[in-house]
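What follows is the content of query.txt, which has compact mmCIF, C-alpha atoms:
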```txt
# COMPACT_ATOMS: atom_id res chain seq x y z
CA MET A 10 7.19 45.46 -104.52
CA LYS A 11 5.22 45.59 -101.26
CA ASN A 12 4.27 41.96 -101.67
CA LEU A 13 7.93 41.04 -102.22
CA ILE A 14 9.01 42.88 -99.04
CA ALA A 15 6.24 41.21 -97.03
CA LEU A 16 7.30 37.83 -98.34
CA LEU A 17 10.94 38.47 -97.43
CA LEU A 18 9.97 39.58 -93.90
CA PHE A 19 7.80 36.48 -93.47
CA CYS A 20 10.62 34.19 -94.62
CA GLN A 21 13.06 35.95 -92.29
CA SER A 22 10.68 35.50 -89.34
CA ALA A 23 10.20 31.84 -90.20
CA VAL A 24 13.96 31.28 -90.28
CA LEU A 25 14.42 33.06 -86.93
CA PHE A 26 11.61 31.03 -85.38
CA ALA A 27 13.13 27.80 -86.67
CA GLN A 28 16.49 28.77 -85.20
CA ASP A 29 15.02 29.75 -81.79
CA PRO A 30 12.13 27.36 -81.04
CA MET A 31 10.04 27.69 -77.91
CA PRO A 32 11.63 25.76 -75.01
CA SER A 33 10.05 22.43 -74.21
CA ALA A 34 8.64 21.51 -70.80
CA ASN A 35 11.75 19.45 -70.12
CA ASP A 36 13.94 22.43 -71.01
CA LEU A 37 12.09 24.52 -68.42
CA LEU A 38 12.11 21.87 -65.68
CA GLN A 39 14.85 22.28 -63.06
CA SER A 40 13.94 19.41 -60.73
CA GLY A 41 11.03 17.17 -59.83
CA PRO A 42 8.27 16.46 -59.96
CA MET A 43 8.32 15.37 -56.33
CA LEU A 44 5.44 13.76 -54.46
CA GLY A 45 4.70 15.50 -51.18
CA TYR A 46 2.18 14.53 -48.56
CA SER A 47 -0.66 12.14 -49.32
CA ASP A 48 -4.01 12.10 -47.56
CA MET A 49 -7.34 10.45 -48.31
CA ARG A 50 -8.78 13.39 -50.25
CA GLU A 51 -5.74 15.30 -51.47
CA VAL A 52 -2.13 14.88 -52.52
CA MET A 53 0.52 17.58 -52.92
CA ILE A 54 2.96 17.51 -55.83
CA TRP A 55 6.02 19.75 -56.07
CA ALA A 56 8.10 20.89 -59.03
CA GLN A 57 10.76 23.49 -59.83
CA THR A 58 11.37 25.35 -63.06
CA ASN A 59 14.49 27.26 -64.09
CA THR A 60 12.66 30.41 -65.21
CA PRO A 61 9.19 31.89 -64.66
CA ALA A 62 6.61 29.46 -66.00
CA LYS A 63 3.07 28.17 -65.51
CA VAL A 64 3.02 24.70 -63.93
CA GLN A 65 0.17 22.22 -63.54
CA VAL A 66 -0.38 18.50 -63.00
CA ARG A 67 -3.10 16.46 -64.68
CA TYR A 68 -3.93 13.07 -63.22
CA TRP A 69 -6.29 10.11 -63.47
CA GLU A 70 -6.87 6.73 -61.84
CA THR A 71 -4.23 4.37 -63.19
CA ASN A 72 -6.79 1.75 -64.22
CA ASN A 73 -9.30 4.28 -65.49
CA ALA A 74 -8.14 6.83 -68.07
CA SER A 75 -11.14 9.09 -67.55
CA PRO A 76 -11.96 11.48 -66.12
CA VAL A 77 -8.76 13.52 -66.11
CA PHE A 78 -8.40 15.88 -63.16
CA GLU A 79 -6.29 19.02 -62.93
CA THR A 80 -4.43 20.72 -60.10
CA ASN A 81 -4.20 24.45 -59.64
CA ILE A 82 -1.93 26.33 -62.04
CA VAL A 83 1.09 27.93 -60.35
CA GLN A 84 3.13 30.73 -61.86
CA THR A 85 6.65 30.18 -60.58
CA THR A 86 8.68 33.19 -59.47
CA LYS A 87 12.32 33.92 -58.74
CA GLU A 88 11.45 34.96 -55.17
CA ASN A 89 10.31 31.41 -54.40
CA ALA A 90 13.17 29.80 -56.37
CA TYR A 91 10.70 28.92 -59.15
CA THR A 92 9.06 26.24 -56.97
CA ALA A 93 5.45 25.17 -57.33
CA HIS A 94 3.11 23.32 -54.96
CA LEU A 95 0.34 21.66 -56.94
CA LEU A 96 -2.72 20.38 -55.07
CA ALA A 97 -4.48 17.27 -56.38
CA ASN A 98 -7.73 17.56 -54.44
CA GLU A 99 -10.05 15.37 -56.48
CA VAL A 100 -8.67 12.04 -55.31
CA VAL A 101 -10.53 9.32 -53.44
CA PRO A 102 -8.93 7.15 -50.74
CA GLY A 103 -6.74 4.17 -51.47
CA LYS A 104 -6.26 4.67 -55.20
CA GLU A 105 -3.23 4.85 -57.47
CA TYR A 106 -3.12 7.72 -59.93
CA THR A 107 -1.01 8.33 -63.00
CA TYR A 108 -0.02 11.94 -63.60
CA LYS A 109 1.64 14.26 -66.10
CA LEU A 110 3.51 17.47 -65.38
CA TYR A 111 2.67 20.42 -67.65
CA ILE A 112 4.85 23.51 -67.99
CA ASN A 113 3.46 26.34 -70.10
CA ASP A 114 0.76 23.92 -71.31
CA ASN A 115 3.27 21.36 -72.61
CA PHE A 116 3.85 18.11 -70.77
CA ALA A 117 7.30 16.93 -69.70
CA GLU A 118 8.45 13.47 -70.73
CA PHE A 119 10.21 10.97 -68.45
CA ASP A 120 11.69 7.50 -68.91
CA TYR A 121 10.15 6.30 -65.62
CA PRO A 122 6.49 6.11 -64.59
CA LEU A 123 4.76 8.94 -62.75
CA THR A 124 2.24 7.62 -60.21
CA PHE A 125 1.07 8.54 -56.73
CA LYS A 126 -1.16 6.98 -54.08
CA SER A 127 -3.89 8.47 -51.96
CA ALA A 128 -3.95 7.38 -48.33
CA PRO A 129 -6.19 4.38 -47.57
CA ASP A 130 -9.54 4.66 -45.80
CA TRP A 131 -9.48 1.31 -43.99
CA ALA A 132 -10.65 1.80 -40.38
CA TYR A 133 -13.79 -0.17 -39.48
CA LYS A 134 -13.87 -1.44 -43.06
CA THR A 135 -10.98 -3.83 -43.62
CA GLU A 136 -7.56 -4.79 -42.30
CA PRO A 137 -4.82 -2.14 -42.53
CA PRO A 138 -2.90 -2.41 -45.81
CA ALA A 139 0.75 -3.37 -45.96
CA PHE A 140 3.14 -0.53 -46.79
CA SER A 141 6.79 0.47 -46.54
CA VAL A 142 8.76 3.55 -45.58
CA ALA A 143 12.30 4.51 -46.64
CA VAL A 144 14.44 6.34 -44.09
CA GLY A 145 17.64 8.32 -44.61
CA SER A 146 19.64 11.41 -43.68
CA CYS A 147 22.79 13.31 -44.61
CA LEU A 148 22.59 13.95 -48.36
CA TYR A 149 25.76 15.77 -49.42
CA ILE A 150 26.10 16.63 -53.12
CA ASN A 151 29.55 17.81 -54.15
CA ASP A 152 29.87 21.34 -55.56
CA GLN A 153 33.54 22.03 -56.13
CA PRO A 154 33.48 25.86 -56.24
CA PHE A 155 31.96 25.96 -52.74
CA ASP A 156 33.44 22.83 -51.15
CA ARG A 157 36.42 22.76 -48.82
CA LYS A 158 39.79 21.64 -50.12
CA GLY A 159 40.67 17.96 -50.15
CA SER A 160 38.84 14.81 -51.18
CA PRO A 161 35.16 15.25 -52.09
CA TYR A 162 32.97 14.75 -49.03
CA GLY A 163 29.98 13.37 -50.93
CA GLY A 164 29.59 10.51 -53.37
CA ASP A 165 27.99 7.18 -54.24
CA TYR A 166 24.81 8.81 -55.50
CA GLU A 167 23.67 5.43 -56.79
CA ILE A 168 22.22 4.87 -53.32
CA LEU A 169 19.30 7.05 -54.46
CA THR A 170 18.65 4.64 -57.32
CA ALA A 171 18.83 1.74 -54.88
CA ILE A 172 16.11 3.33 -52.73
CA TYR A 173 13.95 3.97 -55.80
CA GLN A 174 14.25 0.33 -56.82
CA LYS A 175 12.75 -0.74 -53.46
CA HIS A 176 9.59 1.23 -54.37
CA PRO A 177 8.68 2.44 -50.86
CA ASP A 178 5.33 4.12 -50.36
CA MET A 179 6.96 7.10 -48.64
CA MET A 180 10.34 8.39 -47.54
CA LEU A 181 11.29 10.15 -44.33
CA TRP A 182 14.19 12.61 -44.57
CA LEU A 183 15.72 13.00 -41.11
CA GLY A 184 17.80 16.13 -41.58
CA ASP A 185 20.95 17.33 -43.30
CA ASN A 186 18.93 16.77 -46.46
CA THR A 187 21.18 19.33 -48.07
CA TYR A 188 24.37 20.93 -46.73
CA PHE A 189 24.58 24.71 -46.57
CA ARG A 190 28.11 25.92 -47.24
CA GLU A 191 29.61 29.07 -45.73
CA ALA A 192 28.45 31.06 -48.78
CA ASP A 193 24.85 29.87 -48.39
CA TRP A 194 23.38 30.30 -44.93
CA SER A 195 23.40 34.10 -44.64
CA THR A 196 21.13 34.91 -47.59
CA ARG A 197 18.00 33.65 -49.28
CA THR A 198 19.96 33.61 -52.53
CA GLY A 199 22.51 31.23 -51.03
CA MET A 200 19.91 28.96 -49.44
CA ASN A 201 17.88 28.78 -52.65
CA TYR A 202 21.01 27.97 -54.61
CA ARG A 203 22.00 25.14 -52.26
CA TYR A 204 18.56 23.54 -52.20
CA THR A 205 18.32 23.83 -55.98
CA HIS A 206 21.74 22.29 -56.51
CA THR A 207 20.97 19.31 -54.29
CA ARG A 208 17.41 18.81 -55.53
CA SER A 209 18.61 18.74 -59.15
CA THR A 210 20.77 15.64 -58.68
CA THR A 211 20.08 13.32 -61.60
CA GLU A 212 19.92 10.11 -59.56
CA LEU A 213 17.37 11.65 -57.22
CA GLN A 214 14.69 12.41 -59.83
CA PRO A 215 12.95 8.99 -60.18
CA LEU A 216 12.76 8.66 -56.39
CA LEU A 217 11.24 12.12 -56.04
CA ALA A 218 8.59 11.38 -58.65
CA SER A 219 7.38 8.03 -57.33
CA THR A 220 7.49 8.18 -53.52
CA HIS A 221 5.75 10.51 -51.08
CA HIS A 222 8.36 12.57 -49.23
CA TYR A 223 8.28 14.05 -45.72
CA ALA A 224 11.15 15.94 -44.09
CA THR A 225 12.50 17.58 -40.99
CA TRP A 226 15.84 19.33 -40.73
CA ASP A 227 19.03 19.18 -38.72
CA ASP A 228 21.82 21.74 -38.50
CA HIS A 229 23.18 21.69 -42.06
CA ASP A 230 19.84 22.40 -43.77
CA TYR A 231 18.83 24.81 -40.97
CA GLY A 232 21.88 27.05 -40.78
CA PRO A 233 25.54 26.90 -39.73
CA ASN A 234 27.07 23.73 -38.32
CA ASP A 235 25.70 22.77 -34.87
CA HIS A 236 23.57 25.92 -34.70
CA ASN A 237 20.60 26.60 -32.46
CA ARG A 238 17.62 28.87 -31.72
CA THR A 239 19.78 31.99 -31.94
CA PHE A 240 20.31 31.64 -35.71
CA ILE A 241 19.54 35.11 -36.99
CA HIS A 242 18.13 33.87 -40.30
CA LYS A 243 16.03 30.98 -39.01
CA ASN A 244 12.73 32.50 -40.21
CA MET A 245 14.16 32.83 -43.69
CA SER A 246 15.51 29.29 -43.49
CA LEU A 247 12.04 27.99 -42.58
CA GLU A 248 10.50 29.81 -45.55
CA VAL A 249 13.02 28.19 -47.90
CA PHE A 250 12.42 24.79 -46.27
CA GLN A 251 8.68 25.20 -46.89
CA ASN A 252 9.30 26.16 -50.52
CA PHE A 253 11.33 23.02 -51.21
CA TRP A 254 9.36 20.45 -49.21
CA ALA A 255 5.65 19.61 -49.23
CA ASN A 256 4.81 18.44 -45.72
CA PRO A 257 1.14 18.43 -44.65
CA THR A 258 1.85 20.99 -41.88
CA TYR A 259 4.64 23.13 -40.43
CA GLY A 260 4.77 23.85 -36.71
CA PHE A 261 2.35 23.11 -33.88
CA LEU A 262 -0.09 25.14 -31.81
CA ASP A 263 1.14 28.72 -32.35
CA GLU A 264 4.79 27.76 -32.91
CA ALA A 265 6.42 28.11 -36.31
CA CYS A 266 9.03 25.39 -36.97
CA SER A 267 9.55 22.23 -39.05
CA VAL A 268 7.33 19.94 -36.90
CA THR A 269 4.74 17.90 -38.78
CA LYS A 270 2.43 14.91 -38.23
CA TRP A 271 0.40 12.57 -40.44
CA SER A 272 -1.05 9.05 -40.49
CA TRP A 273 -0.93 6.17 -42.92
CA ALA A 274 -2.96 3.03 -42.25
CA ASP A 275 -2.39 2.05 -38.58
CA VAL A 276 0.75 4.15 -38.09
CA ASP A 277 1.08 7.74 -36.87
CA PHE A 278 4.21 9.65 -37.89
CA TYR A 279 5.75 12.63 -36.10
CA LEU A 280 8.77 14.62 -37.30
CA LEU A 281 10.21 16.85 -34.58
CA ASP A 282 12.38 19.97 -34.73
CA ASP A 283 15.70 19.73 -32.86
CA ARG A 284 16.97 23.20 -33.90
CA TRP A 285 14.28 25.85 -33.56
CA PHE A 286 14.03 25.70 -29.74
CA ARG A 287 17.54 24.40 -29.03
CA SER A 288 19.89 26.26 -26.73
CA ALA A 289 23.59 26.50 -27.47
CA ASN A 290 25.54 23.30 -26.93
CA ASN A 291 27.44 23.15 -23.62
CA LEU A 292 25.61 26.14 -22.20
CA GLU A 293 26.98 26.62 -18.68
CA SER A 294 23.92 28.31 -17.16
CA GLY A 295 20.38 29.31 -18.00
CA GLU A 296 17.71 27.22 -19.71
CA GLN A 297 19.06 24.20 -21.60
CA SER A 298 16.67 23.14 -24.31
CA TYR A 299 16.73 20.61 -27.15
CA PHE A 300 13.13 20.15 -28.27
CA GLY A 301 11.78 22.40 -25.56
CA LYS A 302 9.09 21.52 -23.03
CA LYS A 303 6.28 22.90 -25.17
CA GLN A 304 7.19 20.61 -28.08
CA ILE A 305 7.55 17.59 -25.79
CA ASP A 306 4.20 18.20 -24.08
CA TRP A 307 2.54 18.61 -27.49
CA LEU A 308 4.07 15.31 -28.60
CA ILE A 309 3.04 13.43 -25.44
CA GLU A 310 -0.57 14.59 -25.68
CA ASN A 311 -0.71 13.57 -29.33
CA LEU A 312 0.75 10.16 -28.52
CA LYS A 313 -1.71 9.72 -25.67
CA ALA A 314 -4.64 10.50 -27.96
CA SER A 315 -3.41 8.22 -30.73
CA THR A 316 -5.14 4.92 -31.45
CA ALA A 317 -2.46 3.83 -33.95
CA ASN A 318 -0.65 0.54 -33.50
CA TYR A 319 2.72 2.20 -34.04
CA LYS A 320 3.92 5.75 -33.37
CA ILE A 321 7.02 6.64 -35.37
CA ILE A 322 8.89 9.70 -34.06
CA GLY A 323 11.69 11.15 -36.17
CA ALA A 324 14.24 13.85 -35.40
CA GLY A 325 17.58 15.04 -36.72
CA GLY A 326 19.75 14.08 -33.74
CA GLN A 327 20.33 10.80 -31.93
CA LEU A 328 17.89 10.43 -29.06
CA LEU A 329 18.51 7.31 -26.96
CA ASN A 330 22.26 6.76 -27.22
CA PRO A 331 23.42 7.53 -23.62
CA ALA A 332 26.91 8.63 -24.74
CA LYS A 333 27.42 12.36 -24.23
CA VAL A 334 29.29 12.85 -27.50
CA PHE A 335 28.88 15.35 -30.33
CA GLU A 336 25.27 16.62 -30.38
CA ASN A 337 23.49 13.61 -28.85
CA TYR A 338 20.36 14.26 -26.82
CA ALA A 339 22.22 12.77 -23.84
CA ASN A 340 24.03 16.11 -23.53
CA PHE A 341 20.66 17.62 -22.56
CA GLU A 342 20.25 15.27 -19.63
CA GLU A 343 17.40 16.97 -17.77
CA GLU A 344 15.14 17.41 -20.79
CA ARG A 345 15.87 13.91 -22.09
CA ALA A 346 14.93 12.45 -18.70
CA TYR A 347 11.68 14.45 -18.79
CA LEU A 348 10.71 13.03 -22.19
CA LEU A 349 11.41 9.43 -21.13
CA GLN A 350 9.58 9.96 -17.85
CA ARG A 351 6.46 11.27 -19.61
CA LEU A 352 6.45 8.28 -21.98
CA SER A 353 6.51 5.92 -19.00
CA GLU A 354 3.99 7.85 -16.89
CA GLU A 355 1.47 7.97 -19.72
CA LYS A 356 2.06 4.28 -20.59
CA ILE A 357 2.34 5.08 -24.28
CA GLU A 358 2.67 1.99 -26.46
CA GLY A 359 4.05 1.46 -29.93
CA VAL A 360 6.83 4.08 -29.98
CA LEU A 361 9.84 3.82 -32.29
CA PHE A 362 12.30 6.72 -32.54
CA LEU A 363 14.16 7.49 -35.76
CA SER A 364 17.25 9.69 -35.98
CA GLY A 365 20.02 10.71 -38.37
CA ASP A 366 23.06 12.99 -38.15
CA ARG A 367 25.76 10.61 -36.90
CA HIS A 368 27.33 9.32 -40.15
CA HIS A 369 26.83 5.79 -38.92
CA SER A 370 23.73 3.69 -38.31
CA GLU A 371 22.78 1.63 -35.30
CA LEU A 372 19.81 0.44 -33.27
CA THR A 373 19.71 1.56 -29.64
CA GLU A 374 17.43 -0.25 -27.21
CA ILE A 375 16.94 1.00 -23.64
CA PRO A 376 15.35 -1.54 -21.26
CA ARG A 377 12.63 -0.34 -18.89
CA THR A 378 11.31 -2.11 -15.80
CA ASP A 379 7.73 -0.87 -16.24
CA SER A 380 7.23 -1.32 -19.98
CA TYR A 381 8.69 -2.42 -23.31
CA PRO A 382 12.22 -1.30 -24.30
CA LEU A 383 12.46 2.05 -26.06
CA ARG A 384 14.22 1.87 -29.43
CA ASP A 385 15.98 4.46 -31.56
CA LEU A 386 16.92 3.54 -35.13
CA THR A 387 19.70 5.84 -36.34
CA VAL A 388 20.09 5.90 -40.15
CA SER A 389 23.03 7.87 -41.57
CA PRO A 390 24.50 8.77 -44.04
CA LEU A 391 23.08 8.61 -47.55
CA THR A 392 25.89 10.26 -49.54
CA SER A 393 27.93 12.16 -46.93
CA GLY A 394 31.23 11.00 -45.52
CA THR A 395 31.41 8.14 -43.04
CA HIS A 396 33.85 7.53 -40.20
CA ALA A 397 35.85 4.52 -39.10
CA GLY A 398 34.44 2.37 -36.34
CA ARG A 399 34.86 3.88 -32.89
CA GLU A 400 33.77 3.08 -29.37
CA GLU A 401 31.46 5.83 -28.11
CA GLY A 402 30.05 4.17 -25.03
CA ASN A 403 26.58 3.33 -26.32
CA ILE A 404 25.95 0.52 -23.86
CA TYR A 405 22.45 0.04 -25.31
CA GLN A 406 23.55 -0.56 -28.89
CA VAL A 407 21.88 -3.71 -30.23
CA LYS A 408 24.49 -6.26 -31.24
CA ASN A 409 25.39 -6.46 -34.94
CA THR A 410 23.42 -3.33 -35.92
CA LEU A 411 26.32 -0.85 -36.23
CA VAL A 412 26.93 0.21 -39.85
CA ASN A 413 29.88 2.43 -40.82
CA GLU A 414 29.10 2.80 -44.53
CA LYS A 415 26.56 4.68 -46.62
CA ASN A 416 23.16 3.12 -46.08
CA PHE A 417 19.40 3.54 -45.87
CA ALA A 418 16.56 1.75 -44.12
CA ILE A 419 13.21 0.37 -45.19
CA ILE A 420 10.57 -0.09 -42.49
CA SER A 421 7.66 -2.26 -43.60
CA PHE A 422 4.33 -2.93 -41.91
CA ALA A 423 2.20 -6.00 -42.61
CA GLY A 424 -0.40 -8.24 -41.02
CA THR A 425 -3.82 -7.82 -39.48
CA TRP A 426 -4.83 -5.11 -37.02
CA LYS A 427 -4.29 -7.38 -34.03
CA GLU A 428 -1.19 -9.10 -35.41
CA ARG A 429 0.62 -6.27 -37.08
CA ASN A 430 4.34 -6.79 -37.67
CA MET A 431 7.05 -4.19 -38.30
CA THR A 432 10.27 -5.15 -40.09
CA ILE A 433 13.35 -2.92 -40.13
CA THR A 434 15.90 -3.61 -42.87
CA LEU A 435 19.14 -1.74 -43.47
CA TYR A 436 20.67 -1.71 -46.96
CA ASP A 437 24.03 -0.60 -48.33
CA LYS A 438 24.47 1.91 -51.16
CA LYS A 439 23.77 -0.75 -53.80
CA GLY A 440 20.60 -2.03 -52.10
CA LYS A 441 22.18 -5.13 -50.56
CA LYS A 442 20.70 -6.14 -47.21
CA LEU A 443 22.97 -5.53 -44.22
CA TRP A 444 20.63 -6.66 -41.43
CA ASP A 445 16.97 -6.89 -40.54
CA LYS A 446 14.77 -7.31 -37.50
CA THR A 447 11.05 -8.06 -37.23
CA TYR A 448 8.88 -7.00 -34.31
CA SER A 449 5.30 -7.77 -33.33
CA LEU A 450 2.88 -5.58 -31.43
CA SER A 451 3.76 -7.40 -28.23
CA ASP A 452 7.30 -6.03 -28.51
CA PHE A 453 5.88 -2.52 -28.11
CA LYS A 454 3.54 -3.07 -25.16
```

Translate this file's structure into structure tokens.
Amino acid sequence: MKNLIALLLFCQSAVLFAQDPMPSANDLLQSGPMLGYSDMREVMIWAQTNTPAKVQVRYWETNNASPVFETNIVQTTKENAYTAHLLANEVVPGKEYTYKLYINDNFAEFDYPLTFKSAPDWAYKTEPPAFSVAVGSCLYINDQPFDRKGSPYGGDYEILTAIYQKHPDMMLWLGDNTYFREADWSTRTGMNYRYTHTRSTTELQPLLASTHHYATWDDHDYGPNDHNRTFIHKNMSLEVFQNFWANPTYGFLDEACSVTKWSWADVDFYLLDDRWFRSANNLESGEQSYFGKKQIDWLIENLKASTANYKIIGAGGQLLNPAKVFENYANFEEERAYLLQRLSEEKIEGVLFLSGDRHHSELTEIPRTDSYPLRDLTVSPLTSGTHAGREEGNIYQVKNTLVNEKNFAIISFAGTWKERNMTITLYDKKGKKLWDKTYSLSDFK
């Protein structure tokens, strides 16, 4: 009789187990994996689960299946929105690696390849390698329960597939990379929800997994619309930003903010913070600040010390357009003049500004009598709404570069150290070329 009862209990357990199998790695994966920063000796990989789980990446040189290396194991938690930062620190420079994402010791399966690149070690050894960088801003993903009434503001998510199909080496996100709604920006719960909702977009996943991503923020992924340094929850917002991105650094000197810097081949990249130190728009008296003097001085000294051919400086808001409209830097006239003056005084070569925010794209070029023209490439939007053409008074807009539709840019670098060219190409949401321009080093001296 005892044997019969034991057998019945065993059969019942087997049936229950068959009806409720252990969730697969794909079942537990919320979004990602996403490639974060890449350096010569380490690469950061990010992933998000939908419940507490143990996450790890295993990787190997693409053309050499052994040995297999492992990242740290991260136990995801609700407090950090189940995000994991996984450090691949057994890479060597200039190699491509294939990787697998493991969740609770089971690997997730994807219908696109998972590879990453370590930064090249080329100086004094060979010519700088060719590479390309995608640029975009303003990623609005519709969410009907929280959206305002009327026509959906976001759409055309196929633009993310179009970027993926260009296979850039990295992507720069220039702010408004998600859009906090009124229900989001006052709590960590709301911020985590909004980031998770945007990051889980189906069309985004292949791009996340194959391209190294770097980000700064603008107002909509910082806090309320057009907000500034007084945002009461800005420390919490920065913590959430750090959980969902994988930049090499956050802040500068002793200042906490979204600022970061890195290098790839013969190019130095800087992403600035136009919110953390910013005073209220249209402030009638007192200190008026956009980046703040401390951030500008830090930038100038870095640029002065740089030996890179090109220095790419990205920020959320438009920098060189002289029209005092919306949130353009021109509204902060004194500080803007100080930045441009320092660039001229220090005779800094190779500078290209990048900006987002404006829901149109254009190239602004300011002539200077003592040096090369300063240029600001504005790239916006990815999936957010656009506006009809309008005359804003940008007298320095380069002819035939204005785009009033959803778009992205690819900036490519090629050639030898002494004859290094930079090509800027703008594409529409389907990946069709809208315009391009090629510059040589002499155009930045």

- Query: What gap, in Å, lies between CA of Lys313 (chain A) and CA of Phe278 (chain A)?
  - Reply: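 Separation between CA of Lys313 (chain A) and CA of Phe278 (chain A): 13.6 Å.
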
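Distances here use only C-alpha atoms; by that measure, the residue among A:Gly163, A:Lys158, A:Ala218, A:Asp36 closest to Leu123 (chain A) is A:Ala218.
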
- Item | Distance in Å - CA of Tyr338 (chain A) versus CA of Tyr299 (chain A) | 7.3 Å

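The two atoms in question, CA of Pro138 (chain A) and CA of Tyr448 (chain A), are spaced 17.1 Å apart.
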
- Task: Choose the residue, out of A:Asn318, A:His206, A:Phe335, A:Leu183, that has the smallest atom-to-atom separation from Phe155 (chain A); count all atoms listed in the file.
- Result: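 Under the stated criterion, the closest residue is A:His206.
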
- Query: Any idea what's packed within 6 Å of region 89-97 of chain A, counting all atoms listed in the file, ignoring anything in its chain fewer than 3 positions away? Could you give it as a list in words?
  - Reply: Glu51, Val52, Met53, Ile54, Trp55, Ala56, Gln57, Thr58, Thr80, Asn81, Val83, Thr85 and Thr86 of chain A

- Tell me which protein, DNA and RNA residues are within 10 Å of Gln214 (chain A), counting all atoms listed in the file, leaving out same-chain ones fewer than 6 positions away, and put them as a PyMOL selection string. chain A and resi 40-43+119+121+169-170+173+208

Residues near region 309-312 of chain A, cut-off 9 Å, all atoms listed in the file, skip fewer than 6 positions along chain, as an mmCIF file with C-alpha atoms, in the coordinates of the input:
```
data_model
loop_
_atom_site.group_PDB
_atom_site.id
_atom_site.type_symbol
_atom_site.label_atom_id
_atom_site.label_comp_id
_atom_site.auth_asym_id
_atom_site.auth_seq_id
_atom_site.Cartn_x
_atom_site.Cartn_y
_atom_site.Cartn_z
ATOM 1 C CA ASP A 277 1.080 7.740 -36.870
ATOM 2 C CA LYS A 320 3.920 5.750 -33.370
ATOM 3 C CA LEU A 348 10.710 13.030 -22.190
ATOM 4 C CA ARG A 351 6.460 11.270 -19.610
ATOM 5 C CA LEU A 352 6.450 8.280 -21.980
ATOM 6 C CA GLU A 355 1.470 7.970 -19.720
ATOM 7 C CA ILE A 357 2.340 5.080 -24.280
ATOM 8 C CA GLU A 358 2.670 1.990 -26.460
ATOM 9 C CA VAL A 360 6.830 4.080 -29.980
#
```
